[in-house]
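*Asks:* File name model29.pdb; file contents PDB, C-alpha atoms; full text below.
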```
MODEL        1
ATOM      1  CA  MET A  73     -14.962   9.760   5.388
ATOM      2  CA  VAL A  74     -16.397  12.580   7.497
ATOM      3  CA  ALA A  75     -15.518  16.298   7.312
ATOM      4  CA  LYS A  76     -16.850  19.228   9.326
ATOM      5  CA  MET A  77     -16.568  22.380   7.235
ATOM      6  CA  LYS A  78     -17.197  26.100   7.559
ATOM      7  CA  PHE A  79     -17.986  28.359   4.612
ATOM      8  CA  LYS A  80     -18.465  32.125   4.347
ATOM      9  CA  ALA A  81     -21.734  33.582   3.083
ATOM     10  CA  GLY A  82     -21.923  33.551  -0.709
ATOM     11  CA  PHE A  83     -19.373  30.763  -1.214
ATOM     12  CA  VAL A  84     -20.303  28.534  -4.146
ATOM     13  CA  VAL A  85     -19.303  24.905  -4.521
ATOM     14  CA  PRO A  86     -19.434  24.689  -8.335
ATOM     15  CA  LEU A  87     -21.385  22.045 -10.225
ATOM     16  CA  HIS A  88     -19.532  18.744  -9.964
ATOM     17  CA  SER A  89     -20.112  15.039  -9.430
ATOM     18  CA  HIS A  90     -18.155  12.159  -7.948
ATOM     19  CA  MET A  91     -18.437   8.414  -7.522
ATOM     20  CA  HIS A  92     -19.025   8.801  -3.783
ATOM     21  CA  GLU A  93     -22.384   8.839  -2.077
ATOM     22  CA  GLN A  94     -22.539  12.040  -0.013
ATOM     23  CA  VAL A  95     -24.572  12.868   3.071
ATOM     24  CA  THR A  96     -24.658  16.556   4.075
ATOM     25  CA  GLN A  97     -26.048  17.854   7.370
ATOM     26  CA  VAL A  98     -26.342  21.586   8.029
ATOM     27  CA  ILE A  99     -25.300  22.676  11.524
ATOM     28  CA  SER A 100     -25.781  26.439  11.097
ATOM     29  CA  GLY A 101     -26.682  28.814   8.277
ATOM     30  CA  SER A 102     -28.461  27.551   5.199
ATOM     31  CA  MET A 103     -27.460  26.041   1.873
ATOM     32  CA  ARG A 104     -29.159  25.962  -1.503
ATOM     33  CA  PHE A 105     -28.392  22.878  -3.569
ATOM     34  CA  TRP A 106     -29.046  22.346  -7.270
ATOM     35  CA  PHE A 107     -29.074  18.835  -8.740
ATOM     36  CA  GLY A 108     -28.706  17.559 -12.309
ATOM     37  CA  GLU A 109     -26.586  18.531 -15.325
ATOM     38  CA  ASN A 110     -28.861  21.533 -15.958
ATOM     39  CA  LYS A 111     -29.626  22.141 -12.280
ATOM     40  CA  GLU A 112     -33.195  20.902 -12.837
ATOM     41  CA  GLN A 113     -33.942  20.465  -9.135
ATOM     42  CA  SER A 114     -33.165  22.655  -6.141
ATOM     43  CA  MET A 115     -33.406  22.244  -2.381
ATOM     44  CA  ASP A 116     -32.799  24.589   0.540
ATOM     45  CA  LEU A 117     -31.341  23.132   3.727
ATOM     46  CA  TYR A 118     -31.524  24.697   7.191
ATOM     47  CA  PRO A 119     -29.945  23.743  10.536
ATOM     48  CA  GLY A 120     -30.711  20.086  11.267
ATOM     49  CA  ASP A 121     -31.604  19.254   7.651
ATOM     50  CA  VAL A 122     -29.875  16.381   5.871
ATOM     51  CA  VAL A 123     -29.613  15.508   2.189
ATOM     52  CA  VAL A 124     -28.315  12.268   0.651
ATOM     53  CA  ILE A 125     -26.669  12.801  -2.743
ATOM     54  CA  PRO A 126     -26.330   9.599  -4.781
ATOM     55  CA  SER A 127     -23.042   8.826  -6.519
ATOM     56  CA  ASN A 128     -22.454  10.532  -9.876
ATOM     57  CA  LEU A 129     -25.328  13.031  -9.450
ATOM     58  CA  PRO A 130     -24.146  16.518 -10.509
ATOM     59  CA  HIS A 131     -24.701  19.045  -7.725
ATOM     60  CA  GLU A 132     -23.863  22.644  -6.822
ATOM     61  CA  ALA A 133     -24.259  24.483  -3.517
ATOM     62  CA  LEU A 134     -24.569  28.126  -2.455
ATOM     63  CA  MET A 135     -23.972  29.201   1.133
ATOM     64  CA  ILE A 136     -26.699  31.504   2.400
ATOM     65  CA  GLY A 137     -25.113  33.167   5.388
ATOM     66  CA  ASP A 138     -22.075  31.670   7.079
ATOM     67  CA  VAL A 139     -22.487  27.887   7.063
ATOM     68  CA  GLU A 140     -21.176  25.091   9.225
ATOM     69  CA  GLU A 141     -21.944  21.616   7.944
ATOM     70  CA  VAL A 142     -20.856  17.994   8.111
ATOM     71  CA  ASP A 143     -20.293  15.889   4.982
ATOM     72  CA  THR A 144     -19.926  12.130   4.954
ATOM     73  CA  TRP A 145     -18.764  10.190   1.880
ATOM     74  CA  ALA A 146     -18.519   6.544   1.004
ATOM     75  CA  PRO A 147     -16.017   5.418  -0.075
ATOM     76  CA  PRO A 148     -13.408   7.914   1.259
ATOM     77  CA  ARG A 149     -12.508  10.803  -1.058
ATOM     78  CA  GLN A 150      -9.036  10.101  -2.437
ATOM     79  CA  ASP A 151      -9.079  13.494  -4.210
ATOM     80  CA  TRP A 152      -9.399  15.161  -0.787
ATOM     81  CA  LEU A 153      -6.611  13.042   0.678
ATOM     82  CA  ASP A 154      -4.185  13.864  -2.146
ATOM     83  CA  LYS A 155      -5.461  17.468  -2.512
ATOM     84  CA  THR A 156      -6.515  17.185  -6.167
ATOM     85  CA  ASP A 157     -10.086  18.421  -5.525
ATOM     86  CA  ASP A 158      -9.470  21.574  -7.598
ATOM     87  CA  TYR A 159     -13.177  22.391  -8.018
ATOM     88  CA  LEU A 160     -13.312  23.226  -4.289
ATOM     89  CA  ARG A 161      -9.837  24.700  -3.798
ATOM     90  CA  LYS A 162     -10.197  27.591  -6.287
TER      91      LYS A 162
ENDMDL
END
```
Would you put the structure from the file into structure tokens?

*Replies:*
Amino acid sequence: MVAKMKFKAGFVVPLHSHMHEQVTQVISGSMRFWFGENKEQSMDLYPGDVVVIPSNLPHEALMIGDVEEVDTWAPPRQDWLDKTDDYLRK
């Protein structure tokens, strides 16, 4: 499943995890990711950067500036298809 998304500066995707492997590529802007239950690791991504997030790894993201990015998941996100991804829709 592939989604191209746009976020406003300061938007936070709260700490969450899912069974899907996720690949995120930044098109414009930058993103700061934190990984782990206690956000033990962090990584900044800039245009052209890619991160692979293994399944079930807790992660959070902050948009630094307006961000356009592409996410790819395997398998497809059923919670996105049936609109039950409340952590992102708040």

*Asks:* Could you tell me which residues the PyMOL selection byres ((chain A and resi 88-91) around 6) returns for this structure, as a list in words?

*Replies:*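 Evaluating the PyMOL selection byres ((chain A and resi 88-91) around 6) on these coordinates yields Leu87, His92, Ser127, Asn128, Leu129, Pro130 and His131 of chain A.
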
*Asks:* Starting from the shown file, work through the PyMOL selection byres ((chain A and resi 121) around 9) and note down what comes out as a list in words.

*Replies:*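 Selection result, ordered by chain and number: Thr96, Gln97, Val98, Ile99, Asp116, Leu117, Tyr118, Pro119, Gly120, Val122 and Val123 of chain A.
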
*Asks:* List the residues matched by the PyMOL selection byres ((chain A and resi 144) around 12) in the displayed structure as a short mmCIF file (atom, residue, chain, number, x, y, z; two decimals) with C-alpha atoms, in the frame of the given file, ordered by chain and then by residue number.

*Replies:*
```
data_model
loop_
_atom_site.label_atom_id
_atom_site.label_comp_id
_atom_site.auth_asym_id
_atom_site.auth_seq_id
_atom_site.Cartn_x
_atom_site.Cartn_y
_atom_site.Cartn_z
CA MET A 73 -14.96 9.76 5.39
CA VAL A 74 -16.40 12.58 7.50
CA ALA A 75 -15.52 16.30 7.31
CA LYS A 76 -16.85 19.23 9.33
CA MET A 77 -16.57 22.38 7.24
CA HIS A 92 -19.02 8.80 -3.78
CA GLU A 93 -22.38 8.84 -2.08
CA GLN A 94 -22.54 12.04 -0.01
CA VAL A 95 -24.57 12.87 3.07
CA THR A 96 -24.66 16.56 4.08
CA GLN A 97 -26.05 17.85 7.37
CA VAL A 98 -26.34 21.59 8.03
CA VAL A 122 -29.88 16.38 5.87
CA VAL A 123 -29.61 15.51 2.19
CA VAL A 124 -28.32 12.27 0.65
CA ILE A 125 -26.67 12.80 -2.74
CA PRO A 126 -26.33 9.60 -4.78
CA GLU A 141 -21.94 21.62 7.94
CA VAL A 142 -20.86 17.99 8.11
CA ASP A 143 -20.29 15.89 4.98
CA TRP A 145 -18.76 10.19 1.88
CA ALA A 146 -18.52 6.54 1.00
CA PRO A 147 -16.02 5.42 -0.08
CA PRO A 148 -13.41 7.91 1.26
CA ARG A 149 -12.51 10.80 -1.06
#
```

*Asks:* CA of Val139 in chain A and CA of Ser102 in chain A are how many Å apart?

*Replies:* 6.3 Å

*Asks:* Report the distance between CA of Gln150 in chain A and CA of Gly137 in chain A in Å, rounded to one decimal place.

*Replies:*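 Straight-line distance from CA of Gln150 in chain A to CA of Gly137 in chain A works out to 29.2 Å.
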
*Asks:* So the first atom is CA of Glu132 in chain A and the second is CA of Phe107 in chain A; what is the distance between them in Å, to one decimal place?

*Replies:*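 Separating CA of Glu132 in chain A from CA of Phe107 in chain A is a distance of 6.7 Å.
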
*Asks:* Tell me, as a list in words, which residues lie within 12 Å of Ala81 in chain A, counting only C-alpha atoms; anything in the same chain fewer than 5 positions away does not count.

*Replies:* Ser100, Gly101, Ser102, Met103, Arg104, Ala133, Leu134, Met135, Ile136, Gly137, Asp138, Val139 and Glu140 of chain A

*Asks:* Please return the centre and edge lengths, in Å to one decimal, of a box with edges along x, y and z that contains all listed atoms of range 130-145 of chain A, widened by 5 Å on every side, as lines of an AutoDock Vina configuration file.

*Replies:*
```
center_x = -22.7
center_y = 21.7
center_z = -0.6
size_x = 17.9
size_y = 33.0
size_z = 29.7
```

*Asks:* Please provide the set of residues having any atom within 12 Å of Asp158 in chain A, restricted to only C-alpha atoms, with same-chain residues fewer than 4 positions apart removed, written as a ChimeraX atom specification.

*Replies:* /A:85-86,88,151-152,154,162

*Asks:* For the selection you just gave me, I'd like the residues written to a file as a short mmCIF file (atom, residue, chain, number, x, y, z; two decimals), in the frame of the given file, keeping C-alpha atoms.

*Replies:*
```cif
data_model
loop_
_atom_site.label_atom_id
_atom_site.label_comp_id
_atom_site.auth_asym_id
_atom_site.auth_seq_id
_atom_site.Cartn_x
_atom_site.Cartn_y
_atom_site.Cartn_z
CA VAL A 85 -19.30 24.90 -4.52
CA PRO A 86 -19.43 24.69 -8.34
CA HIS A 88 -19.53 18.74 -9.96
CA ASP A 151 -9.08 13.49 -4.21
CA TRP A 152 -9.40 15.16 -0.79
CA ASP A 154 -4.18 13.86 -2.15
CA LYS A 162 -10.20 27.59 -6.29
#
```
